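Source file: model.cif; contents: mmCIF, C-alpha atoms.
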data_data
loop_
_atom_site.label_atom_id
_atom_site.label_comp_id
_atom_site.auth_asym_id
_atom_site.auth_seq_id
_atom_site.Cartn_x
_atom_site.Cartn_y
_atom_site.Cartn_z
CA MET U 1 -35.09 10.68 8.87
CA ALA U 2 -37.00 8.07 6.87
CA ILE U 3 -34.95 5.94 4.52
CA GLU U 4 -36.77 5.09 1.31
CA GLY U 5 -36.44 1.77 -0.50
CA ALA U 6 -35.07 3.27 -3.73
CA ASP U 7 -32.41 5.21 -1.81
CA LEU U 8 -31.36 2.09 0.08
CA ILE U 9 -31.12 0.04 -3.13
CA LYS U 10 -28.95 2.71 -4.76
CA ALA U 11 -26.71 2.88 -1.69
CA ALA U 12 -26.23 -0.89 -1.74
CA ALA U 13 -25.50 -0.86 -5.49
CA PHE U 14 -22.80 1.83 -5.04
CA LEU U 15 -21.19 -0.02 -2.13
CA GLY U 16 -21.37 -3.25 -4.14
CA ALA U 17 -19.71 -1.60 -7.14
CA GLY U 18 -16.84 -0.25 -5.03
CA ILE U 19 -16.22 -3.54 -3.23
CA CYS U 20 -16.59 -5.51 -6.49
CA MET U 21 -13.89 -3.55 -8.35
CA GLY U 22 -11.70 -3.21 -5.26
CA ILE U 23 -11.52 -6.90 -4.41
CA GLY U 24 -11.75 -7.92 -8.07
CA ALA U 25 -8.51 -6.04 -8.77
CA LEU U 26 -6.64 -8.14 -6.21
CA GLY U 27 -6.40 -11.44 -8.05
CA PRO U 28 -5.43 -10.18 -11.52
CA GLY U 29 -2.89 -7.77 -9.99
CA LEU U 30 -1.14 -10.58 -8.14
CA GLY U 31 -1.49 -13.10 -10.95
CA GLU U 32 -0.18 -10.82 -13.69
CA GLY U 33 2.68 -9.75 -11.45
CA PHE U 34 3.60 -13.39 -10.91
CA THR U 35 3.48 -14.04 -14.68
CA ALA U 36 5.70 -11.07 -15.51
CA GLY U 37 8.11 -12.01 -12.71
CA LYS U 38 8.49 -15.51 -14.11
CA ALA U 39 8.96 -14.06 -17.61
CA CYS U 40 11.83 -11.88 -16.31
CA GLU U 41 13.34 -15.02 -14.76
CA ALA U 42 13.00 -16.92 -18.04
CA ILE U 43 14.80 -14.16 -19.99
CA GLY U 44 17.52 -14.25 -17.35
CA LYS U 45 17.98 -17.95 -18.03
CA ASN U 46 17.63 -17.74 -21.80
CA PRO U 47 18.21 -14.20 -23.12
CA LYS U 48 17.99 -15.28 -26.79
CA GLU U 49 14.26 -16.04 -26.62
CA ALA U 50 13.23 -12.56 -25.40
CA GLY U 51 10.69 -12.04 -28.22
CA LEU U 52 8.95 -15.37 -27.74
CA LEU U 53 8.86 -14.93 -23.96
CA THR U 54 7.38 -11.43 -24.19
CA ARG U 55 4.62 -12.73 -26.49
CA THR U 56 3.83 -15.66 -24.17
CA MET U 57 3.78 -13.37 -21.15
CA LEU U 58 1.40 -10.90 -22.79
CA VAL U 59 -1.04 -13.64 -23.88
CA GLY U 60 -0.94 -15.16 -20.38
CA GLN U 61 -1.50 -11.78 -18.76
CA ALA U 62 -4.38 -11.00 -21.12
CA VAL U 63 -6.12 -14.18 -19.96
CA SER U 64 -5.46 -13.36 -16.25
CA GLU U 65 -6.84 -9.90 -16.88
CA SER U 66 -10.25 -11.31 -17.81
CA THR U 67 -11.56 -11.58 -14.23
CA GLY U 68 -10.50 -7.98 -13.62
CA ILE U 69 -12.54 -6.96 -16.67
CA TYR U 70 -15.55 -8.98 -15.40
CA SER U 71 -15.29 -7.01 -12.13
CA LEU U 72 -15.12 -3.75 -14.07
CA VAL U 73 -18.19 -4.69 -16.14
CA VAL U 74 -20.20 -5.73 -13.07
CA ALA U 75 -19.15 -2.54 -11.24
CA LEU U 76 -20.24 -0.38 -14.21
CA LEU U 77 -23.55 -2.30 -14.43
CA LEU U 78 -24.14 -1.70 -10.71
CA LEU U 79 -23.36 2.00 -11.12
CA PHE U 80 -25.32 2.83 -14.25
CA VAL U 81 -27.78 0.06 -15.19
CA VAL U 82 -29.23 -1.63 -12.12
CA MET M 1 -29.20 5.14 33.21
CA MET M 2 -28.99 7.96 30.70
CA ILE M 3 -26.12 8.28 28.24
CA GLN M 4 -25.57 11.80 27.00
CA TRP M 5 -24.81 11.64 23.30
CA ASP M 6 -23.41 15.13 23.02
CA ALA M 7 -20.73 15.94 20.45
CA GLU M 8 -17.95 16.21 23.04
CA THR M 9 -18.53 12.66 24.33
CA VAL M 10 -18.80 11.11 20.88
CA ILE M 11 -15.67 12.89 19.59
CA LYS M 12 -13.65 11.72 22.63
CA MET M 13 -14.96 8.16 22.12
CA ALA M 14 -14.01 8.19 18.45
CA ALA M 15 -10.55 9.63 19.15
CA TYR M 16 -9.81 6.95 21.78
CA ALA M 17 -11.12 4.16 19.55
CA GLY M 18 -9.03 5.57 16.68
CA ALA M 19 -5.91 5.72 18.88
CA GLY M 20 -6.35 2.08 19.92
CA LEU M 21 -6.93 0.88 16.36
CA CYS M 22 -4.02 2.99 15.08
CA MET M 23 -1.39 1.58 17.44
CA GLY M 24 -2.87 -1.94 17.48
CA LEU M 25 -2.93 -2.32 13.69
CA GLY M 26 0.34 -0.37 13.35
CA ALA M 27 2.17 -2.82 15.62
CA ILE M 28 1.43 -5.93 13.54
CA GLY M 29 3.68 -5.22 10.57
CA ALA M 30 6.68 -3.91 12.53
CA ALA M 31 6.72 -6.98 14.74
CA LEU M 32 6.48 -9.33 11.76
CA GLY M 33 9.11 -7.49 9.70
CA GLU M 34 11.61 -7.20 12.55
CA GLY M 35 11.04 -10.82 13.53
CA TYR M 36 11.86 -11.87 9.97
CA THR M 37 15.07 -9.79 10.12
CA ALA M 38 16.10 -11.34 13.42
CA GLY M 39 15.42 -14.83 12.09
CA GLN M 40 17.62 -14.23 9.06
CA ALA M 41 20.32 -12.73 11.32
CA ASN M 42 20.30 -15.87 13.48
CA GLU M 43 20.68 -18.03 10.41
CA ALA M 44 23.58 -15.88 9.20
CA VAL M 45 25.34 -15.99 12.59
CA SER M 46 24.98 -19.77 12.80
CA ARG M 47 26.76 -20.02 9.44
CA LYS M 48 29.65 -17.70 10.40
CA PRO M 49 29.76 -17.05 14.16
CA GLU M 50 32.97 -15.02 13.80
CA LEU M 51 31.02 -12.29 11.90
CA SER M 52 28.34 -11.95 14.58
CA GLY M 53 29.33 -8.34 15.38
CA GLU M 54 28.80 -7.21 11.74
CA VAL M 55 25.51 -9.11 11.43
CA PHE M 56 24.30 -7.69 14.74
CA LYS M 57 24.97 -4.13 13.59
CA THR M 58 23.20 -4.68 10.24
CA MET M 59 20.24 -6.29 12.01
CA LEU M 60 19.78 -3.38 14.41
CA VAL M 61 20.01 -0.72 11.67
CA GLY M 62 17.52 -2.67 9.52
CA GLN M 63 15.13 -3.17 12.42
CA ALA M 64 15.29 0.53 13.24
CA MET M 65 14.15 1.29 9.67
CA ALA M 66 11.30 -1.23 9.95
CA GLU M 67 10.31 0.32 13.26
CA SER M 68 9.78 3.79 11.81
CA ALA M 69 6.27 3.13 10.46
CA ALA M 70 5.22 1.87 13.90
CA ILE M 71 6.63 5.07 15.40
CA PHE M 72 4.48 7.10 12.97
CA ALA M 73 1.49 5.10 14.30
CA LEU M 74 2.57 5.85 17.88
CA VAL M 75 2.76 9.59 17.11
CA VAL M 76 -0.74 9.62 15.57
CA ALA M 77 -2.12 7.55 18.49
CA MET M 78 -0.59 9.99 21.01
CA LEU M 79 -2.07 12.96 19.15
CA LEU M 80 -5.50 11.26 19.18
CA LEU M 81 -5.17 10.66 22.93
CA PHE M 82 -4.02 14.11 24.01
CA VAL M 83 -5.18 16.70 21.45
CA ASN M 84 -8.37 18.51 22.37
CA PHE M 85 -10.43 18.50 19.21
CA PRO M 86 -13.01 21.23 18.60
CA THR M 87 -16.47 20.04 19.57
CA HIS M 88 -18.72 22.21 17.42
CA SER M 89 -19.09 19.65 14.64
CA TRP M 90 -19.81 15.91 14.88
CA LEU M 91 -17.58 15.43 11.85
CA PHE M 92 -14.51 15.64 14.10
CA ALA M 93 -15.57 12.26 15.52
CA MET M 94 -15.40 10.67 12.06
CA SER M 95 -12.19 12.44 11.05
CA SER M 96 -10.32 11.30 14.19
CA LEU M 97 -11.50 7.69 13.82
CA SER M 98 -10.54 7.77 10.14
CA ALA M 99 -7.09 9.23 10.91
CA GLY M 100 -6.41 6.38 13.33
CA LEU M 101 -7.53 3.71 10.87
CA CYS M 102 -5.51 5.30 8.06
CA MET M 103 -2.22 5.33 9.99
CA GLY M 104 -2.80 1.91 11.57
CA LEU M 105 -3.47 0.19 8.24
CA GLY M 106 -0.83 2.29 6.47
CA ALA M 107 1.98 1.15 8.80
CA PHE M 108 1.31 -2.53 8.11
CA GLY M 109 2.83 -3.05 4.67
CA SER M 110 5.82 -0.71 5.02
CA SER M 111 7.06 -2.35 8.20
CA ILE M 112 6.80 -5.87 6.76
CA GLY M 113 8.46 -4.64 3.57
CA SER M 114 11.38 -2.99 5.38
CA GLY M 115 12.06 -6.22 7.24
CA PHE M 116 12.81 -8.09 3.98
CA PRO M 117 15.92 -6.12 2.81
CA ALA M 118 17.24 -6.04 6.38
CA GLY M 119 17.07 -9.85 6.55
CA ALA M 120 18.76 -10.21 3.17
CA ALA M 121 21.50 -7.74 4.20
CA CYS M 122 22.19 -9.79 7.37
CA GLN M 123 22.53 -12.94 5.27
CA GLY M 124 24.62 -11.09 2.67
CA THR M 125 27.06 -9.80 5.31
CA THR M 126 28.18 -13.39 5.91
CA HIS M 127 28.36 -14.17 2.17
CA GLN M 128 30.48 -11.12 1.30
CA PRO M 129 31.96 -9.56 4.45
CA ALA M 130 33.99 -7.11 2.30
CA MET M 131 30.77 -5.62 0.82
CA GLY M 132 29.27 -4.68 4.20
CA GLY M 133 29.17 -0.94 3.49
CA ARG M 134 27.63 -1.29 0.03
CA LEU M 135 25.05 -3.75 1.38
CA MET M 136 24.11 -1.37 4.17
CA THR M 137 23.65 1.45 1.63
CA THR M 138 21.43 -0.67 -0.63
CA MET M 139 19.42 -1.82 2.38
CA LEU M 140 18.94 1.74 3.66
CA ILE M 141 17.86 3.09 0.25
CA GLY M 142 15.53 0.14 -0.30
CA SER M 143 13.88 0.35 3.11
CA ALA M 144 13.56 4.12 2.88
CA VAL M 145 11.51 3.72 -0.32
CA CYS M 146 9.43 1.01 1.44
CA GLN M 147 8.47 3.60 4.06
CA THR M 148 6.86 5.97 1.53
CA PRO M 149 3.35 4.40 1.74
CA ALA M 150 3.49 4.77 5.55
CA ILE M 151 4.52 8.42 5.10
CA PHE M 152 1.55 8.96 2.74
CA ALA M 153 -0.70 7.49 5.45
CA MET M 154 0.82 9.80 8.06
CA VAL M 155 0.27 12.87 5.84
CA VAL M 156 -3.39 11.94 5.24
CA SER M 157 -3.85 11.27 8.99
CA PHE M 158 -2.44 14.69 9.88
CA ILE M 159 -4.71 16.38 7.32
CA LEU M 160 -7.71 14.51 8.76
CA LEU M 161 -6.69 15.45 12.32
CA PHE M 162 -5.95 19.11 11.83
CA SER M 163 -8.30 20.32 9.08
CA ASN M 164 -11.45 22.18 9.95
CA PHE M 165 -14.49 20.36 8.59
CA SER M 166 -17.12 22.34 10.51
CA ALA M 167 -18.40 24.04 7.32
CA GLN M 168 -19.26 20.66 5.75
CA PRO M 169 -22.75 19.13 6.08
CA PHE M 170 -22.68 15.99 8.26
CA ASN M 171 -24.47 13.59 5.96
CA PRO M 172 -22.29 12.97 2.94
CA ALA M 173 -19.11 14.34 4.57
CA TRP M 174 -18.84 11.60 7.25
CA ALA M 175 -18.58 8.99 4.47
CA ALA M 176 -16.05 11.07 2.52
CA LEU M 177 -13.77 11.39 5.58
CA LEU M 178 -14.03 7.69 6.49
CA GLY M 179 -13.46 6.70 2.85
CA ALA M 180 -10.41 9.00 2.67
CA GLY M 181 -8.76 7.28 5.62
CA LEU M 182 -9.55 3.78 4.36
CA ALA M 183 -8.35 4.53 0.79
CA THR M 184 -4.82 5.55 1.79
CA GLY M 185 -4.64 3.06 4.66
CA PHE M 186 -5.54 -0.02 2.64
CA ALA M 187 -3.71 1.21 -0.48
CA ALA M 188 -0.43 1.41 1.47
CA ILE M 189 -0.34 -2.32 2.30
CA GLY M 190 0.40 -3.88 -1.10
CA PRO M 191 3.00 -1.34 -2.33
CA GLY M 192 4.77 -1.48 1.06
CA ILE M 193 5.21 -5.26 0.92
CA GLY M 194 5.97 -5.18 -2.83
CA GLY M 195 8.70 -2.56 -2.42
CA GLY M 196 10.24 -4.75 0.29
CA LEU M 197 10.38 -7.77 -2.01
CA VAL M 198 12.29 -5.69 -4.61
CA ALA M 199 14.75 -4.40 -2.01
CA ARG M 200 15.31 -7.93 -0.66
CA ALA M 201 16.23 -9.17 -4.15
CA ALA M 202 18.60 -6.20 -4.54
CA CYS M 203 20.41 -6.84 -1.22
CA ASP M 204 20.65 -10.51 -2.10
CA GLY M 205 22.00 -9.65 -5.55
CA VAL M 206 24.64 -7.20 -4.26
CA ALA M 207 25.88 -9.87 -1.82
CA ARG M 208 26.07 -12.58 -4.45
CA ASN M 209 27.56 -10.53 -7.24
CA PRO M 210 29.11 -7.29 -5.90
CA GLU M 211 30.31 -6.00 -9.29
CA ARG M 212 26.65 -5.72 -10.44
CA ALA M 213 25.78 -3.42 -7.50
CA GLY M 214 25.27 -0.34 -9.75
CA PRO M 215 22.69 -1.71 -12.21
CA VAL M 216 20.96 -3.65 -9.41
CA THR M 217 20.44 -0.47 -7.37
CA ASN M 218 19.13 1.39 -10.43
CA ILE M 219 16.61 -1.33 -11.36
CA MET M 220 15.59 -1.65 -7.70
CA LEU M 221 14.74 2.04 -7.54
CA LEU M 222 12.87 1.91 -10.87
CA GLY M 223 10.89 -1.16 -9.77
CA GLN M 224 10.10 0.29 -6.35
CA ALA M 225 8.99 3.59 -7.88
CA VAL M 226 6.53 1.81 -10.19
CA SER M 227 5.31 -0.38 -7.27
CA GLN M 228 4.42 2.76 -5.31
CA THR M 229 2.04 4.05 -7.98
CA THR M 230 -1.05 2.33 -6.58
CA ALA M 231 -0.32 3.84 -3.13
CA ILE M 232 -0.26 7.22 -4.87
CA TYR M 233 -3.68 6.50 -6.44
CA GLY M 234 -4.93 5.88 -2.87
CA VAL M 235 -3.58 9.25 -1.71
CA LEU M 236 -5.14 10.93 -4.76
CA ILE M 237 -8.60 9.52 -3.95
CA SER M 238 -8.15 10.51 -0.28
CA PHE M 239 -7.33 14.11 -1.21
CA VAL M 240 -10.31 14.29 -3.57
CA LEU M 241 -12.58 12.95 -0.81
CA ILE M 242 -11.19 15.26 1.89
CA PHE M 243 -11.20 18.49 -0.10
CA ARG M 244 -14.45 18.12 -2.07
CA ASN M 245 -17.43 20.36 -1.39
CA ASN M 246 -20.19 18.15 -0.06
CA GLU M 247 -23.79 19.17 -0.66
CA ALA M 248 -26.14 18.52 2.25
CA THR M 249 -28.58 15.67 1.63
CA THR M 250 -30.90 13.42 3.60
CA LEU M 251 -30.35 10.44 1.27
CA ILE M 252 -27.89 7.68 2.11
CA ALA M 253 -26.94 6.78 -1.50
CA PRO M 254 -24.48 9.72 -1.94
CA SER M 255 -22.72 8.78 1.32
CA ALA M 256 -22.55 5.14 0.25
CA ALA M 257 -20.96 6.18 -3.07
CA LEU M 258 -18.21 8.18 -1.31
CA LEU M 259 -17.44 5.39 1.17
CA ALA M 260 -17.44 2.85 -1.66
CA ALA M 261 -14.97 5.02 -3.62
CA GLY M 262 -12.53 4.88 -0.72
CA LEU M 263 -12.93 1.13 -0.23
CA CYS M 264 -12.62 0.45 -3.97
CA MET M 265 -9.30 2.28 -4.32
CA GLY M 266 -8.01 0.89 -1.02
CA PHE M 267 -8.66 -2.75 -1.85
CA GLY M 268 -7.86 -2.26 -5.54
CA ALA M 269 -4.34 -1.01 -4.81
CA PHE M 270 -3.35 -4.11 -2.88
CA GLY M 271 -3.08 -6.72 -5.66
CA PRO M 272 -1.30 -4.55 -8.26
CA GLY M 273 1.03 -3.08 -5.60
CA LEU M 274 2.18 -6.50 -4.48
CA GLY M 275 2.18 -7.88 -8.05
CA LEU M 276 4.39 -5.04 -9.33
CA GLY M 277 6.80 -5.81 -6.50
CA VAL M 278 6.96 -9.47 -7.58
CA VAL M 279 7.80 -8.45 -11.18
CA ALA M 280 10.62 -6.14 -10.11
CA GLN M 281 11.87 -8.68 -7.57
CA ASN M 282 12.47 -11.26 -10.29
CA ALA M 283 13.93 -8.69 -12.68
CA VAL M 284 16.42 -7.46 -10.05
CA LYS M 285 17.33 -11.04 -9.13
CA TRP M 286 18.24 -12.00 -12.70
CA ILE M 287 19.91 -8.69 -13.57
CA SER M 288 22.19 -9.24 -10.56
CA ARG M 289 23.30 -12.65 -11.86
CA SER M 290 24.61 -11.70 -15.30
CA GLU M 291 25.03 -8.79 -17.66
CA ALA M 292 23.52 -10.67 -20.61
CA GLY M 293 19.91 -9.74 -21.18
CA THR M 294 19.83 -6.74 -18.82
CA GLY M 295 18.20 -4.53 -21.47
CA ASP M 296 15.66 -7.20 -22.42
CA ILE M 297 14.78 -7.91 -18.78
CA THR M 298 14.30 -4.21 -18.03
CA ARG M 299 12.06 -3.76 -21.07
CA LEU M 300 10.03 -6.87 -20.25
CA MET M 301 9.74 -5.77 -16.62
CA LEU M 302 8.26 -2.42 -17.65
CA VAL M 303 5.82 -4.00 -20.16
CA GLY M 304 4.78 -6.61 -17.58
CA MET M 305 4.33 -3.90 -14.94
CA ALA M 306 2.18 -1.80 -17.26
CA VAL M 307 -0.22 -4.73 -17.75
CA THR M 308 -0.19 -5.57 -14.01
CA GLU M 309 -1.05 -1.96 -13.24
CA SER M 310 -4.25 -2.13 -15.31
CA THR M 311 -6.57 -3.46 -12.59
CA GLY M 312 -5.32 -0.74 -10.24
CA ILE M 313 -6.31 1.78 -12.91
CA TYR M 314 -9.78 0.18 -13.24
CA ALA M 315 -10.20 0.63 -9.48
CA LEU M 316 -9.13 4.28 -9.81
CA VAL M 317 -11.67 4.82 -12.63
CA ILE M 318 -14.54 3.23 -10.66
CA SER M 319 -13.60 5.33 -7.60
CA LEU M 320 -13.59 8.54 -9.63
CA LEU M 321 -16.94 7.58 -11.23
CA LEU M 322 -18.38 6.94 -7.74
CA ILE M 323 -17.20 10.36 -6.56
CA PHE M 324 -17.95 12.57 -9.55
CA VAL M 325 -20.56 10.89 -11.77
CA VAL M 326 -23.15 8.85 -9.87
#
How does this structure look as structure tokens?
Amino acid sequence: MAIEGADLIKAAAFLGAGICMGIGALGPGLGEGFTAGKACEAIGKNPKEAGLLTRTMLVGQAVSESTGIYSLVVALLLLFVV
Amino acid sequence: MMIQWDAETVIKMAAYAGAGLCMGLGAIGAALGEGYTAGQANEAVSRKPELSGEVFKTMLVGQAMAESAAIFALVVAMLLLFVNFPTHSWLFAMSSLSAGLCMGLGAFGSSIGSGFPAGAACQGTTHQPAMGGRLMTTMLIGSAVCQTPAIFAMVVSFILLFSNFSAQPFNPAWAALLGAGLATGFAAIGPGIGGGLVARAACDGVARNPERAGPVTNIMLLGQAVSQTTAIYGVLISFVLIFRNNEATTLIAPSAALLAAGLCMGFGAFGPGLGLGVVAQNAVKWISRSEAGTGDITRLMLVGMAVTESTGIYALVISLLLIFVV
């Protein structure tokens, strides 16, 4: 069985896309979990500020999410563009 | 020297390698989790030596729960050693190796996770000796939920071991079967540890503030259920990979896509699974301390969990694209 160059490149791109999104999901998952955990703690300490804390948590999580979205974009590029 | 690469030899080789990997990987988590429990029990006994009998009992029950995932790995390893697999298709080599990897990796997180509530229950027994029964119940419920990812891994291993793949073409199917094992195996790690963190906070909370035991148990179960979702995504991808109809091909790109789908969902479930556990851990901890803010904390926990889940869902989407679109 001869393996052609184009086939090999596609195979590597698919593997790269899977590994990119898989490992890229690790950091944001942990980081956002840590943020939300601390927000729960903060409401426990100061229940009156629930609204403010929720807003701060969501903004913080949105920023942590960015690397997950970069991974998604790179994975989609590897799947459909490259 | 001539080596005969016939199907029978290769399938036996793969089954033995799978058995070794299964029990070797499956032993890591149980040993760590039970060691943590024993360490906490020692600390508790040193604080109140007169309660050593109670602590000893709690420790052994908790360690038995943590052991169960390792016993699943032992069962799968024994099956791989002694079952005679059919030899008419080379795919049985890949499915037995994949079954071993799946159960070995899948036992890791659940056993570590089950060790956490057991340790907290040992400590709690010395804080609130009167609450021993309630603590034991919370610990048992919490560790039972921690075992679910290991049970998912065992189910996928059994399907890989006992299904008949001889109608499938070798080329893309080998990657689908390997990817199926890796998806559930890796995906079980994060949710297993995360569920354990939640259960530890609950046992700790019941011991510190026994009158909050009801709401603490409820929020623990809610948090653990949401933490398990990424393990369920892993099982979903495994089932899709195992039961799909593969078309024969001589190219390697389709096989790479199927293997990548398994790896993507496996790795992608780890971070969100553990992160969701951290959210619920903190929520349970603070709900156990006071009644004020319970509603707000629960709401915030669920919103925070939904956002934390998102990268796990991205991984699921990329895996499904790899399987069905490219």
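For chain M, the residues no farther than 6 Å from chain U when using all atoms listed in the file are Ala253, Ala256, Ala257, Ala260, Ala261, Cys264, Phe267, Gly268, Gly271, Pro272, Gly275, Leu276, Val278, Val279, Asn282, Ala283, Trp286, Gly293, Ile297, Gly304, Thr308, Thr311 and Ala315 of chain M.
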Answer as a PyMOL selection string, residues within 8 Å of (-3.1, 10.1, 10.6) using all atoms listed in the file: chain M and resi 73+76+98-103+153-161
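Taking atom CA of Met78 of chain M as the reference point, atom CA of Thr9 of chain M is found at 18.4 Å.
Across the model, the gap from atom CA of Ala176 of chain M to atom CA of Ile242 of chain M is 6.4 Å.
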I need the residue set behind the PyMOL selection byres ((chain M and resi 289) around 12) for this file; please write it as a VMD selection string. (chain U and resid 41 43 to 45) or (chain M and resid 201 to 202 204 to 213 215 to 216 282 to 288 290 to 294 297)
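Going from atom CA of Trp90 of chain M to atom CA of Leu182 of chain M covers 19.1 Å.
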Applied to the shown file, which residues does the PyMOL selection byres ((chain M and resi 188) around 7) return, written as an MDAnalysis selection string? chainID M and resid 106 109 149:150 184:187 189:192 231
Find the residue from U:Arg55, U:Val63, U:Gly5, U:Leu77 that sits nearest to Leu300 of chain M; use all atoms listed in the file when measuring.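 Residue with the minimum atom-to-atom distance to Leu300 of chain M: U:Arg55.
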Nearest candidate to Thr58 of chain M (options M:Ser111, M:Thr126, M:Thr148, M:Thr230; using all atoms listed in the file): M:Thr126
So which residues get picked by the PyMOL selection byres ((chain M and resi 27) around 8) here, written as a ChimeraX atom specification? /M:23-26,28-31,70,104,107-108
Between M:Ala120, M:Leu178, M:Val307, M:Met13, which one has atoms that come closest to Ser66 of chain U, using all atoms listed in the file? M:Val307
Residues within 7 Å of Met220 of chain M, please, as a list in words. Count only C-alpha atoms; anything in the same chain fewer than 2 positions from it doesn't count.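 Here the answer would be Val198, Ala199, Ala202, Val216, Thr217, Asn218, Leu222, Gly223, Gln224 and Val284 of chain M.
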